[in-house]
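Visitor: Structure: upload.cif, mmCIF, C-alpha atoms.
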data_start
loop_
_atom_site.group_PDB
_atom_site.id
_atom_site.type_symbol
_atom_site.label_atom_id
_atom_site.label_comp_id
_atom_site.auth_asym_id
_atom_site.auth_seq_id
_atom_site.Cartn_x
_atom_site.Cartn_y
_atom_site.Cartn_z
ATOM 1 C CA MET A 1 10.418 16.091 -8.105
ATOM 2 C CA VAL A 2 10.058 15.213 -11.779
ATOM 3 C CA ASP A 3 11.305 12.137 -13.613
ATOM 4 C CA SER A 4 12.784 11.963 -17.103
ATOM 5 C CA TYR A 5 9.331 11.167 -18.543
ATOM 6 C CA GLY A 6 7.741 14.301 -17.092
ATOM 7 C CA ARG A 7 5.875 12.547 -14.270
ATOM 8 C CA ILE A 8 5.592 14.634 -11.102
ATOM 9 C CA ILE A 9 5.949 12.951 -7.702
ATOM 10 C CA ARG A 10 3.046 13.806 -5.395
ATOM 11 C CA ASP A 11 2.701 10.576 -3.420
ATOM 12 C CA LEU A 12 5.232 9.093 -1.006
ATOM 13 C CA ARG A 13 5.171 5.646 0.574
ATOM 14 C CA ILE A 14 7.324 5.445 3.715
ATOM 15 C CA SER A 15 7.883 1.998 5.190
ATOM 16 C CA ILE A 16 8.391 2.600 8.909
ATOM 17 C CA THR A 17 9.203 -1.034 9.733
ATOM 18 C CA ASP A 18 9.920 -4.289 7.930
ATOM 19 C CA ARG A 19 8.345 -6.265 10.790
ATOM 20 C CA CYS A 20 5.025 -8.036 10.190
ATOM 21 C CA ASN A 21 2.931 -10.460 12.207
ATOM 22 C CA PHE A 22 1.561 -12.054 8.999
ATOM 23 C CA ARG A 23 3.417 -14.212 6.491
ATOM 24 C CA CYS A 24 1.113 -13.856 3.500
ATOM 25 C CA VAL A 25 1.807 -16.458 0.828
ATOM 26 C CA TYR A 26 2.172 -13.873 -1.950
ATOM 27 C CA CYS A 27 4.615 -11.804 0.095
ATOM 28 C CA MET A 28 6.760 -13.401 2.775
ATOM 29 C CA GLU A 29 7.919 -16.927 3.549
ATOM 30 C CA PRO A 30 7.966 -18.068 7.196
ATOM 31 C CA ASP A 31 11.781 -18.152 7.302
ATOM 32 C CA VAL A 32 12.246 -14.472 6.360
ATOM 33 C CA ARG A 33 14.493 -12.675 8.826
ATOM 34 C CA PHE A 34 13.975 -9.020 9.623
ATOM 35 C CA LEU A 35 16.672 -6.380 9.403
ATOM 36 C CA PRO A 36 18.684 -5.470 12.513
ATOM 37 C CA ARG A 37 16.968 -2.597 14.305
ATOM 38 C CA GLU A 38 20.010 -0.362 13.900
ATOM 39 C CA ASP A 39 19.564 -0.621 10.127
ATOM 40 C CA LEU A 40 16.039 0.802 10.264
ATOM 41 C CA LEU A 41 15.333 4.508 10.069
ATOM 42 C CA THR A 42 14.822 6.126 13.454
ATOM 43 C CA VAL A 43 11.765 8.235 14.200
ATOM 44 C CA ASP A 44 13.853 11.383 13.719
ATOM 45 C CA GLU A 45 15.054 10.126 10.336
ATOM 46 C CA ILE A 46 11.556 9.155 9.173
ATOM 47 C CA VAL A 47 10.216 12.580 10.096
ATOM 48 C CA ARG A 48 13.153 14.322 8.434
ATOM 49 C CA VAL A 49 12.553 12.495 5.153
ATOM 50 C CA ALA A 50 8.841 13.337 5.270
ATOM 51 C CA SER A 51 9.616 16.995 5.919
ATOM 52 C CA ILE A 52 12.081 17.219 3.022
ATOM 53 C CA THR A 53 9.709 15.555 0.566
ATOM 54 C CA GLY A 54 6.947 17.896 1.686
ATOM 55 C CA SER A 55 9.113 20.811 0.566
ATOM 56 C CA LEU A 56 9.604 19.001 -2.767
ATOM 57 C CA GLY A 57 5.903 18.841 -3.583
ATOM 58 C CA VAL A 58 4.677 15.612 -1.961
ATOM 59 C CA ARG A 59 0.990 15.959 -1.088
ATOM 60 C CA LYS A 60 0.148 12.456 0.154
ATOM 61 C CA ILE A 61 2.171 10.325 2.565
ATOM 62 C CA ARG A 62 1.234 6.707 3.186
ATOM 63 C CA LEU A 63 2.823 4.887 6.115
ATOM 64 C CA THR A 64 3.465 1.251 5.274
ATOM 65 C CA GLY A 65 5.493 -1.739 6.439
ATOM 66 C CA GLY A 66 5.764 -4.551 7.150
ATOM 67 C CA GLU A 67 2.890 -3.835 9.474
ATOM 68 C CA PRO A 68 3.136 -0.196 10.619
ATOM 69 C CA THR A 69 0.995 -0.688 13.728
ATOM 70 C CA LEU A 70 3.814 -2.815 15.153
ATOM 71 C CA HIS A 71 6.022 0.271 15.420
ATOM 72 C CA PRO A 72 6.087 1.248 19.115
ATOM 73 C CA GLN A 73 6.223 4.971 18.271
ATOM 74 C CA LEU A 74 3.627 5.088 15.519
ATOM 75 C CA GLY A 75 1.666 7.892 17.200
ATOM 76 C CA ALA A 76 4.785 10.013 17.524
ATOM 77 C CA ILE A 77 5.673 9.432 13.869
ATOM 78 C CA ILE A 78 2.232 10.548 12.730
ATOM 79 C CA GLY A 79 2.187 13.587 15.005
ATOM 80 C CA ARG A 80 5.660 14.762 14.113
ATOM 81 C CA ILE A 81 5.071 14.326 10.371
ATOM 82 C CA ARG A 82 1.868 16.319 10.715
ATOM 83 C CA ALA A 83 3.843 19.110 12.398
ATOM 84 C CA THR A 84 6.239 19.372 9.446
ATOM 85 C CA THR A 85 3.954 19.065 6.421
ATOM 86 C CA SER A 86 0.391 19.680 5.292
ATOM 87 C CA ALA A 87 0.399 16.448 3.249
ATOM 88 C CA GLU A 88 -2.403 13.953 3.772
ATOM 89 C CA ILE A 89 -1.245 11.133 6.060
ATOM 90 C CA ALA A 90 -2.732 7.694 5.398
ATOM 91 C CA MET A 91 -1.732 4.210 6.522
ATOM 92 C CA ILE A 92 -2.089 0.676 5.211
ATOM 93 C CA THR A 93 -2.567 -2.043 7.827
ATOM 94 C CA ASN A 94 -3.681 -5.635 8.269
ATOM 95 C CA ALA A 95 -5.963 -4.341 11.083
ATOM 96 C CA SER A 96 -4.970 -7.151 13.435
ATOM 97 C CA GLY A 97 -4.002 -4.777 16.243
ATOM 98 C CA LEU A 98 -6.485 -1.925 15.990
ATOM 99 C CA SER A 99 -8.404 -0.604 18.973
ATOM 100 C CA PRO A 100 -10.721 2.381 19.488
ATOM 101 C CA VAL A 101 -8.109 4.031 21.723
ATOM 102 C CA SER A 102 -5.223 3.633 19.266
ATOM 103 C CA LEU A 103 -7.323 4.780 16.319
ATOM 104 C CA ARG A 104 -8.515 7.811 18.261
ATOM 105 C CA ASP A 105 -4.956 8.696 19.250
ATOM 106 C CA TRP A 106 -3.626 8.306 15.692
ATOM 107 C CA LYS A 107 -6.403 10.456 14.293
ATOM 108 C CA ALA A 108 -5.724 13.143 16.899
ATOM 109 C CA ALA A 109 -2.051 12.995 15.918
ATOM 110 C CA GLY A 110 -2.908 13.639 12.268
ATOM 111 C CA LEU A 111 -3.814 10.361 10.563
ATOM 112 C CA THR A 112 -6.417 10.977 7.870
ATOM 113 C CA ARG A 113 -7.538 7.566 6.659
ATOM 114 C CA LEU A 114 -6.832 3.841 6.529
ATOM 115 C CA THR A 115 -6.423 1.162 3.903
ATOM 116 C CA VAL A 116 -6.941 -2.362 5.226
ATOM 117 C CA SER A 117 -5.734 -5.611 3.681
ATOM 118 C CA ILE A 118 -8.167 -8.539 3.695
ATOM 119 C CA ASP A 119 -7.773 -11.312 1.137
ATOM 120 C CA SER A 120 -10.342 -13.814 2.366
ATOM 121 C CA LEU A 121 -13.504 -13.948 4.466
ATOM 122 C CA LYS A 122 -13.174 -17.672 5.187
ATOM 123 C CA GLU A 123 -11.432 -18.332 8.491
ATOM 124 C CA ASP A 124 -9.516 -21.460 7.474
ATOM 125 C CA ARG A 125 -8.452 -19.947 4.161
ATOM 126 C CA PHE A 126 -7.446 -16.680 5.820
ATOM 127 C CA ALA A 127 -5.242 -18.627 8.227
ATOM 128 C CA ARG A 128 -3.530 -20.486 5.377
ATOM 129 C CA LEU A 129 -3.056 -17.317 3.367
ATOM 130 C CA THR A 130 -1.697 -15.122 6.180
ATOM 131 C CA ARG A 131 -0.045 -17.907 8.198
ATOM 132 C CA SER A 132 -1.323 -16.137 11.309
ATOM 133 C CA THR A 133 -3.807 -16.640 14.136
ATOM 134 C CA CYS A 134 -5.760 -13.548 13.129
ATOM 135 C CA THR A 135 -9.263 -14.007 11.703
ATOM 136 C CA PRO A 136 -11.336 -12.149 9.107
ATOM 137 C CA ALA A 137 -13.738 -11.201 11.908
ATOM 138 C CA THR A 138 -10.917 -9.412 13.728
ATOM 139 C CA VAL A 139 -10.018 -7.476 10.595
ATOM 140 C CA LEU A 140 -13.621 -6.476 9.908
ATOM 141 C CA THR A 141 -14.064 -5.394 13.511
ATOM 142 C CA GLY A 142 -11.026 -3.174 13.026
ATOM 143 C CA VAL A 143 -12.633 -1.684 9.925
ATOM 144 C CA GLU A 144 -15.809 -0.958 11.859
ATOM 145 C CA MET A 145 -13.796 0.722 14.619
ATOM 146 C CA ALA A 146 -12.004 2.873 12.038
ATOM 147 C CA LEU A 147 -15.344 3.854 10.521
ATOM 148 C CA ALA A 148 -16.582 4.851 13.981
ATOM 149 C CA GLU A 149 -13.553 7.145 14.310
ATOM 150 C CA ASP A 150 -14.244 8.590 10.826
ATOM 151 C CA LEU A 151 -10.867 7.585 9.389
ATOM 152 C CA THR A 152 -12.439 7.681 5.962
ATOM 153 C CA PRO A 153 -12.652 6.982 3.127
ATOM 154 C CA ILE A 154 -11.597 3.468 4.112
ATOM 155 C CA LYS A 155 -10.376 1.144 1.387
ATOM 156 C CA LEU A 156 -10.029 -2.625 1.586
ATOM 157 C CA ASN A 157 -7.309 -4.299 -0.470
ATOM 158 C CA ALA A 158 -7.661 -7.886 -1.665
ATOM 159 C CA VAL A 159 -5.200 -9.893 -3.719
ATOM 160 C CA LEU A 160 -6.918 -12.735 -5.571
ATOM 161 C CA MET A 161 -5.068 -15.882 -6.625
ATOM 162 C CA ARG A 162 -6.515 -18.497 -8.923
ATOM 163 C CA GLY A 163 -7.473 -21.682 -7.155
ATOM 164 C CA PHE A 164 -7.039 -20.096 -3.745
ATOM 165 C CA ASN A 165 -9.435 -17.211 -3.114
ATOM 166 C CA ASP A 166 -10.621 -16.091 -6.552
ATOM 167 C CA ASP A 167 -14.117 -17.344 -5.741
ATOM 168 C CA GLU A 168 -14.551 -14.636 -3.064
ATOM 169 C CA ALA A 169 -14.794 -11.536 -5.259
ATOM 170 C CA THR A 170 -18.570 -11.283 -4.888
ATOM 171 C CA ASP A 171 -18.423 -11.859 -1.131
ATOM 172 C CA LEU A 172 -15.844 -9.106 -0.730
ATOM 173 C CA ALA A 173 -18.000 -6.803 -2.870
ATOM 174 C CA TRP A 174 -20.853 -7.549 -0.467
ATOM 175 C CA VAL A 175 -18.634 -6.380 2.420
ATOM 176 C CA ALA A 176 -18.072 -3.102 0.586
ATOM 177 C CA ARG A 177 -21.821 -2.698 0.206
ATOM 178 C CA SER A 178 -22.640 -3.584 3.792
ATOM 179 C CA LEU A 179 -19.964 -1.380 5.386
ATOM 180 C CA GLY A 180 -20.078 1.479 2.902
ATOM 181 C CA VAL A 181 -16.405 1.263 1.934
ATOM 182 C CA GLU A 182 -14.378 0.654 -1.202
ATOM 183 C CA VAL A 183 -12.909 -2.773 -1.866
ATOM 184 C CA ARG A 184 -10.031 -2.842 -4.319
ATOM 185 C CA PHE A 185 -8.929 -6.009 -6.069
ATOM 186 C CA ILE A 186 -5.202 -6.024 -6.762
ATOM 187 C CA GLU A 187 -3.783 -8.333 -9.392
ATOM 188 C CA TYR A 188 -1.310 -10.880 -8.049
ATOM 189 C CA MET A 189 2.232 -9.586 -8.664
ATOM 190 C CA PRO A 190 5.739 -11.078 -8.516
ATOM 191 C CA LEU A 191 6.814 -9.588 -5.176
ATOM 192 C CA ASP A 192 7.159 -12.685 -2.968
ATOM 193 C CA SER A 193 10.279 -13.495 -0.957
ATOM 194 C CA ALA A 194 10.465 -17.023 -2.442
ATOM 195 C CA HIS A 195 10.448 -15.676 -6.028
ATOM 196 C CA ALA A 196 7.873 -18.349 -6.783
ATOM 197 C CA TRP A 197 5.291 -16.188 -8.564
ATOM 198 C CA GLU A 198 3.334 -18.154 -11.163
ATOM 199 C CA SER A 199 1.386 -16.477 -13.935
ATOM 200 C CA SER A 200 -1.099 -19.356 -13.780
ATOM 201 C CA LYS A 201 -2.277 -18.024 -10.406
ATOM 202 C CA TRP A 202 -2.853 -14.528 -11.780
ATOM 203 C CA VAL A 203 -6.491 -13.450 -12.076
ATOM 204 C CA PRO A 204 -7.065 -10.577 -14.551
ATOM 205 C CA ALA A 205 -9.038 -7.634 -13.202
ATOM 206 C CA ALA A 206 -11.523 -7.987 -16.069
ATOM 207 C CA GLU A 207 -12.334 -11.514 -14.918
ATOM 208 C CA THR A 208 -12.902 -10.353 -11.347
ATOM 209 C CA ARG A 209 -15.120 -7.524 -12.520
ATOM 210 C CA ALA A 210 -17.200 -9.891 -14.655
ATOM 211 C CA ALA A 211 -17.725 -12.208 -11.688
ATOM 212 C CA ILE A 212 -18.955 -9.324 -9.523
ATOM 213 C CA GLU A 213 -21.213 -7.918 -12.227
ATOM 214 C CA ARG A 214 -23.046 -11.214 -12.519
ATOM 215 C CA VAL A 215 -24.441 -10.366 -9.078
ATOM 216 C CA TYR A 216 -23.940 -6.623 -8.651
ATOM 217 C CA PRO A 217 -24.035 -4.466 -11.816
ATOM 218 C CA LEU A 218 -21.413 -1.720 -11.705
ATOM 219 C CA VAL A 219 -21.202 1.799 -13.117
ATOM 220 C CA ALA A 220 -17.832 3.427 -13.845
ATOM 221 C CA CYS A 221 -16.974 6.391 -11.638
ATOM 222 C CA ASP A 222 -15.440 9.583 -12.951
ATOM 223 C CA ASP A 223 -11.813 9.090 -11.910
ATOM 224 C CA SER A 224 -10.485 12.601 -12.239
ATOM 225 C CA ASP A 225 -7.012 11.734 -10.932
ATOM 226 C CA PRO A 226 -5.005 10.280 -13.860
ATOM 227 C CA SER A 227 -2.322 8.986 -11.470
ATOM 228 C CA SER A 228 -4.779 6.821 -9.519
ATOM 229 C CA THR A 229 -3.810 3.159 -9.373
ATOM 230 C CA ALA A 230 -7.418 1.955 -9.364
ATOM 231 C CA ARG A 231 -10.241 2.079 -11.857
ATOM 232 C CA THR A 232 -13.268 2.625 -9.648
ATOM 233 C CA PHE A 233 -16.928 1.628 -10.005
ATOM 234 C CA ARG A 234 -20.070 2.227 -7.966
ATOM 235 C CA PHE A 235 -22.931 -0.191 -7.482
ATOM 236 C CA ALA A 236 -25.710 0.518 -9.987
ATOM 237 C CA ASP A 237 -28.492 -0.175 -7.469
ATOM 238 C CA LEU A 238 -27.105 2.125 -4.759
ATOM 239 C CA PRO A 239 -27.315 5.928 -4.637
ATOM 240 C CA ALA A 240 -24.529 7.618 -6.582
ATOM 241 C CA GLU A 241 -23.302 9.299 -3.391
ATOM 242 C CA SER A 242 -22.851 5.968 -1.579
ATOM 243 C CA ALA A 243 -19.301 5.367 -0.331
ATOM 244 C CA ALA A 244 -19.598 1.695 -1.347
ATOM 245 C CA ARG A 245 -17.289 1.191 -4.308
ATOM 246 C CA VAL A 246 -15.324 -1.469 -6.137
ATOM 247 C CA GLY A 247 -11.874 -0.709 -7.512
ATOM 248 C CA PHE A 248 -9.555 -2.707 -9.739
ATOM 249 C CA ILE A 249 -5.788 -2.287 -9.589
ATOM 250 C CA ALA A 250 -4.427 -4.073 -12.640
ATOM 251 C CA PRO A 251 -0.646 -3.611 -12.880
ATOM 252 C CA VAL A 252 -0.272 -6.799 -14.930
ATOM 253 C CA SER A 253 -3.135 -6.535 -17.421
ATOM 254 C CA SER A 254 -3.492 -2.723 -17.553
ATOM 255 C CA PRO A 255 -0.303 -1.021 -16.317
ATOM 256 C CA PHE A 256 -0.771 2.547 -15.109
ATOM 257 C CA CYS A 257 2.952 3.398 -15.096
ATOM 258 C CA GLY A 258 2.556 6.256 -17.571
ATOM 259 C CA ALA A 259 0.846 8.447 -14.970
ATOM 260 C CA CYS A 260 2.637 7.188 -11.858
ATOM 261 C CA SER A 261 3.191 9.863 -9.201
ATOM 262 C CA ARG A 262 4.744 7.657 -6.487
ATOM 263 C CA LEU A 263 8.083 7.310 -4.765
ATOM 264 C CA ARG A 264 8.991 4.796 -2.039
ATOM 265 C CA ILE A 265 11.311 4.909 0.959
ATOM 266 C CA THR A 266 12.134 1.531 2.502
ATOM 267 C CA ALA A 267 12.374 0.944 6.245
ATOM 268 C CA ASP A 268 16.166 1.004 6.005
ATOM 269 C CA GLY A 269 16.190 4.320 4.189
ATOM 270 C CA MET A 270 16.552 3.358 0.532
ATOM 271 C CA VAL A 271 14.768 5.305 -2.214
ATOM 272 C CA ARG A 272 12.909 3.183 -4.744
ATOM 273 C CA PRO A 273 11.574 5.152 -7.722
ATOM 274 C CA CYS A 274 9.359 2.179 -8.688
ATOM 275 C CA LEU A 275 7.840 -0.714 -6.784
ATOM 276 C CA PHE A 276 9.781 -2.977 -9.144
ATOM 277 C CA SER A 277 13.060 -1.038 -9.076
ATOM 278 C CA THR A 278 16.188 -3.163 -9.094
ATOM 279 C CA THR A 279 18.334 -0.157 -8.124
ATOM 280 C CA GLU A 280 17.988 1.700 -4.820
ATOM 281 C CA TRP A 281 19.347 5.066 -3.685
ATOM 282 C CA ASP A 282 20.777 5.303 -0.172
ATOM 283 C CA LEU A 283 19.409 8.083 2.053
ATOM 284 C CA ARG A 284 20.267 6.555 5.425
ATOM 285 C CA SER A 285 24.063 6.640 5.086
ATOM 286 C CA PRO A 286 24.238 10.312 4.051
ATOM 287 C CA MET A 287 21.807 11.236 6.842
ATOM 288 C CA ARG A 288 23.984 9.495 9.390
ATOM 289 C CA SER A 289 27.101 11.102 7.925
ATOM 290 C CA GLY A 290 25.847 14.646 8.415
ATOM 291 C CA ALA A 291 24.251 15.443 5.046
ATOM 292 C CA THR A 292 22.250 18.665 4.898
ATOM 293 C CA ASP A 293 18.576 18.749 3.980
ATOM 294 C CA GLN A 294 19.521 20.149 0.571
ATOM 295 C CA GLU A 295 21.957 17.303 -0.035
ATOM 296 C CA LEU A 296 19.259 14.773 0.863
ATOM 297 C CA ALA A 297 16.779 16.607 -1.364
ATOM 298 C CA ASP A 298 19.266 16.376 -4.219
ATOM 299 C CA ILE A 299 19.465 12.592 -3.737
ATOM 300 C CA LEU A 300 15.663 12.355 -3.907
ATOM 301 C CA ILE A 301 15.561 14.551 -7.010
ATOM 302 C CA ASP A 302 18.280 12.509 -8.723
ATOM 303 C CA ALA A 303 16.622 9.204 -7.800
ATOM 304 C CA THR A 304 13.298 10.416 -9.153
ATOM 305 C CA TRP A 305 14.919 11.329 -12.476
ATOM 306 C CA THR A 306 15.934 7.664 -12.920
ATOM 307 C CA LYS A 307 12.369 6.379 -12.502
ATOM 308 C CA GLN A 308 11.843 3.723 -15.135
ATOM 309 C CA ALA A 309 9.168 4.018 -17.814
ATOM 310 C CA GLY A 310 7.314 0.963 -16.499
ATOM 311 C CA HIS A 311 7.690 -2.245 -14.536
ATOM 312 C CA GLY A 312 7.679 -4.609 -17.527
ATOM 313 C CA ILE A 313 6.133 -7.557 -15.675
ATOM 314 C CA THR A 314 4.992 -9.168 -18.910
ATOM 315 C CA SER A 315 8.300 -8.579 -20.691
ATOM 316 C CA PRO A 316 10.718 -11.514 -21.257
ATOM 317 C CA GLU A 317 13.438 -9.238 -19.815
ATOM 318 C CA PHE A 318 11.568 -8.638 -16.540
ATOM 319 C CA VAL A 319 13.662 -9.151 -13.417
ATOM 320 C CA GLN A 320 11.833 -9.523 -10.109
ATOM 321 C CA PRO A 321 13.179 -7.268 -7.341
ATOM 322 C CA GLU A 322 15.349 -9.072 -4.840
ATOM 323 C CA ARG A 323 13.318 -7.700 -1.951
ATOM 324 C CA PRO A 324 9.743 -8.855 -1.286
ATOM 325 C CA MET A 325 6.843 -6.474 -0.757
ATOM 326 C CA SER A 326 7.295 -6.620 3.035
ATOM 327 C CA ALA A 327 10.794 -5.154 2.723
ATOM 328 C CA ILE A 328 9.886 -2.626 0.031
ATOM 329 C CA GLY A 329 6.742 -1.167 1.570
ATOM 330 C CA GLY A 330 3.289 -1.361 -0.039
#
Go ahead and express the file in the form of structure tokens.

Guide:
Amino acid sequence: MVDSYGRIIRDLRISITDRCNFRCVYCMEPDVRFLPREDLLTVDEIVRVASITGSLGVRKIRLTGGEPTLHPQLGAIIGRIRATTSAEIAMITNASGLSPVSLRDWKAAGLTRLTVSIDSLKEDRFARLTRSTCTPATVLTGVEMALAEDLTPIKLNAVLMRGFNDDEATDLAWVARSLGVEVRFIEYMPLDSAHAWESSKWVPAAETRAAIERVYPLVACDDSDPSSTARTFRFADLPAESAARVGFIAPVSSPFCGACSRLRITADGMVRPCLFSTTEWDLRSPMRSGATDQELADILIDATWTKQAGHGITSPEFVQPERPMSAIGG
């Protein structure tokens, strides 16, 4: 799959559910209502999409949500996708429901690695941010369990907001050092269900990096993948082979759209060529109307061709997507 700018799609995000047990302030308001279950892709439909995209050149599949661990047939989804494609299978999770048994089962089914969201290490702040009863300790325990099952390399994602948690960059970098994982700081983006994003709360990646380097000097890594979303650094005082890393994903201050290799499928079967797409392509209806695999592939190819040049967040003409991140898939 190639878009009109010559970018080749190698990475697919499949949202397997829009359900989530968190209501993070930058994503979903407490009054958000989930889609009717009959509107969501079935396991068979999820696997079929993954299989078709595998034949179209996708090499990495990331299962997202909502919170994917809430799907009652997650293990079956992983196993059946693995049976249809050689693509790497990763998953992003809030780690609130991980256990050694589930992690072991998912790895046996074909899961390769995890990315875990954690935006604060302070219990009271974490509760306000996620609007949940989960704690940072629970999340970090989940990370340790995933490390024990060798679901690596593990990456931690943190969204910093000015005046809320932007003072925790160094503490989160310490977690990366202590656990031997990569923590990635993602700039705050306009993807909330309330459409209340404020640029005043945005913390530039350069500012976060400077705060960390006042304590932990960093050395740029050789990022050989031009389509990578993160600019990655290692800690200067640790061995070069250490898995401890710090990454910066800066879609606002340093857009990486020009080398984007991603396509997204929402939980209700809509194709989104860009995270910030305002137009979606329907896969679910044709699937349920008897479309062949080739007809579905043609929809994916056509949708990819329409992929926009960039998201344009800083443009006066920017229009925030109607759907929040929870409905789009991370």

Visitor: Rounded to one decimal in Å, what is the spacing between CA of Ser228 in chain A and CA of Ile9 in chain A?

Guide: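 Pair CA of Ser228 in chain A / CA of Ile9 in chain A returns 12.5 Å.
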
Visitor: Between CA of Arg231 in chain A and CA of Val246 in chain A, what distance in Å does the model show, to one decimal?

Guide: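 Straight-line distance from CA of Arg231 in chain A to CA of Val246 in chain A works out to 8.4 Å.
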
Visitor: Please evaluate the PyMOL selection byres ((chain A and resi 182) around 8) against the displayed coordinates and give the resulting residues as a list of chain:residue names.

Guide: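 Matching residues under the PyMOL selection byres ((chain A and resi 182) around 8) are A:Pro153, A:Ile154, A:Lys155, A:Leu156, A:Ala176, A:Gly180, A:Val181, A:Val183, A:Arg184, A:Ala243, A:Ala244, A:Arg245, A:Val246, A:Gly247.
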
Visitor: Print the selection's residues with C-alpha atoms to a file, as a short mmCIF file (atom, residue, chain, number, x, y, z; two decimals), in the coordinates of the input.

Guide:
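again-v2.cif was written with the following content:
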data_model
loop_
_atom_site.label_atom_id
_atom_site.label_comp_id
_atom_site.auth_asym_id
_atom_site.auth_seq_id
_atom_site.Cartn_x
_atom_site.Cartn_y
_atom_site.Cartn_z
CA PRO A 153 -12.65 6.98 3.13
CA ILE A 154 -11.60 3.47 4.11
CA LYS A 155 -10.38 1.14 1.39
CA LEU A 156 -10.03 -2.62 1.59
CA ALA A 176 -18.07 -3.10 0.59
CA GLY A 180 -20.08 1.48 2.90
CA VAL A 181 -16.40 1.26 1.93
CA VAL A 183 -12.91 -2.77 -1.87
CA ARG A 184 -10.03 -2.84 -4.32
CA ALA A 243 -19.30 5.37 -0.33
CA ALA A 244 -19.60 1.70 -1.35
CA ARG A 245 -17.29 1.19 -4.31
CA VAL A 246 -15.32 -1.47 -6.14
CA GLY A 247 -11.87 -0.71 -7.51
#

Visitor: Evaluating the PyMOL selection byres ((chain A and resi 262-278) around 9) on the displayed file yields which residues, as a ChimeraX atom specification?

Guide: /A:8-18,35,38-41,45-46,49,64-66,191,227,260-261,279-285,299-300,303-308,310-313,319-323,325,327-330

Visitor: How many Å separate CA of Trp106 in chain A from CA of Gly75 in chain A?

Guide: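 For CA of Trp106 in chain A relative to CA of Gly75 in chain A, the distance reads 5.5 Å.
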
Visitor: Applying the PyMOL selection byres ((chain A and resi 294) around 12) to the file I just gave you, which residues come out? Please list them as number ranges by chain.

Guide: A: 48-49, 51-53, 55-56, 286-287, 290-293, 295-301

Visitor: Could you make a table, as a tab-separated table, of the residues of range 17-43 of chain A that have an atom within 12 Å of an atom of range 94-97 of chain A, each with its nearest atom pair and distance in Å to one decimal, counting all atoms listed in the file, in chain and number order?

Guide:
residue	atom	partner	partner_atom	distance
A:Cys20	CA	A:Asn94	CA	9.2
A:Asn21	CA	A:Ser96	CA	8.7
A:Phe22	CA	A:Asn94	CA	8.3
A:Arg23	CA	A:Asn94	CA	11.3
A:Cys24	CA	A:Asn94	CA	10.6

Visitor: Around (-11.1, -9.4, -12.1) in the file's frame, which residues reach within 12 Å when counting only C-alpha atoms? Return as an MDAnalysis selection string?

Guide: chainID A and resid 158:162 166:170 173 184:188 202:213 231 246:254

Visitor: Can I get the selection written as a short mmCIF file (atom, residue, chain, number, x, y, z; two decimals), in the coordinates of the input, with C-alpha atoms?

Guide:
data_model
loop_
_atom_site.label_atom_id
_atom_site.label_comp_id
_atom_site.auth_asym_id
_atom_site.auth_seq_id
_atom_site.Cartn_x
_atom_site.Cartn_y
_atom_site.Cartn_z
CA ALA A 158 -7.66 -7.89 -1.66
CA VAL A 159 -5.20 -9.89 -3.72
CA LEU A 160 -6.92 -12.74 -5.57
CA MET A 161 -5.07 -15.88 -6.62
CA ARG A 162 -6.52 -18.50 -8.92
CA ASP A 166 -10.62 -16.09 -6.55
CA ASP A 167 -14.12 -17.34 -5.74
CA GLU A 168 -14.55 -14.64 -3.06
CA ALA A 169 -14.79 -11.54 -5.26
CA THR A 170 -18.57 -11.28 -4.89
CA ALA A 173 -18.00 -6.80 -2.87
CA ARG A 184 -10.03 -2.84 -4.32
CA PHE A 185 -8.93 -6.01 -6.07
CA ILE A 186 -5.20 -6.02 -6.76
CA GLU A 187 -3.78 -8.33 -9.39
CA TYR A 188 -1.31 -10.88 -8.05
CA TRP A 202 -2.85 -14.53 -11.78
CA VAL A 203 -6.49 -13.45 -12.08
CA PRO A 204 -7.06 -10.58 -14.55
CA ALA A 205 -9.04 -7.63 -13.20
CA ALA A 206 -11.52 -7.99 -16.07
CA GLU A 207 -12.33 -11.51 -14.92
CA THR A 208 -12.90 -10.35 -11.35
CA ARG A 209 -15.12 -7.52 -12.52
CA ALA A 210 -17.20 -9.89 -14.66
CA ALA A 211 -17.73 -12.21 -11.69
CA ILE A 212 -18.95 -9.32 -9.52
CA GLU A 213 -21.21 -7.92 -12.23
CA ARG A 231 -10.24 2.08 -11.86
CA VAL A 246 -15.32 -1.47 -6.14
CA GLY A 247 -11.87 -0.71 -7.51
CA PHE A 248 -9.56 -2.71 -9.74
CA ILE A 249 -5.79 -2.29 -9.59
CA ALA A 250 -4.43 -4.07 -12.64
CA PRO A 251 -0.65 -3.61 -12.88
CA VAL A 252 -0.27 -6.80 -14.93
CA SER A 253 -3.14 -6.54 -17.42
CA SER A 254 -3.49 -2.72 -17.55
#

Visitor: Working from the structure I just supplied, which lacks atoms in range 111-115 of chain A, can you model N, CA and C atoms there and output them as a short mmCIF file (atom, residue, chain, number, x, y, z; two decimals), keeping the file's coordinate frame?

Guide:
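Once written, selection.cif looks like this:
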data_model
loop_
_atom_site.label_atom_id
_atom_site.label_comp_id
_atom_site.auth_asym_id
_atom_site.auth_seq_id
_atom_site.Cartn_x
_atom_site.Cartn_y
_atom_site.Cartn_z
N LEU A 111 -3.48 11.37 11.57
CA LEU A 111 -3.81 10.36 10.56
C LEU A 111 -5.16 10.69 9.93
N THR A 112 -5.21 10.59 8.60
CA THR A 112 -6.42 10.98 7.87
C THR A 112 -7.31 9.79 7.56
N ARG A 113 -6.71 8.70 7.07
CA ARG A 113 -7.54 7.57 6.66
C ARG A 113 -6.73 6.28 6.66
N LEU A 114 -7.44 5.16 6.51
CA LEU A 114 -6.83 3.84 6.53
C LEU A 114 -7.14 3.07 5.26
N THR A 115 -6.18 2.22 4.88
CA THR A 115 -6.42 1.16 3.90
C THR A 115 -6.13 -0.15 4.62
#
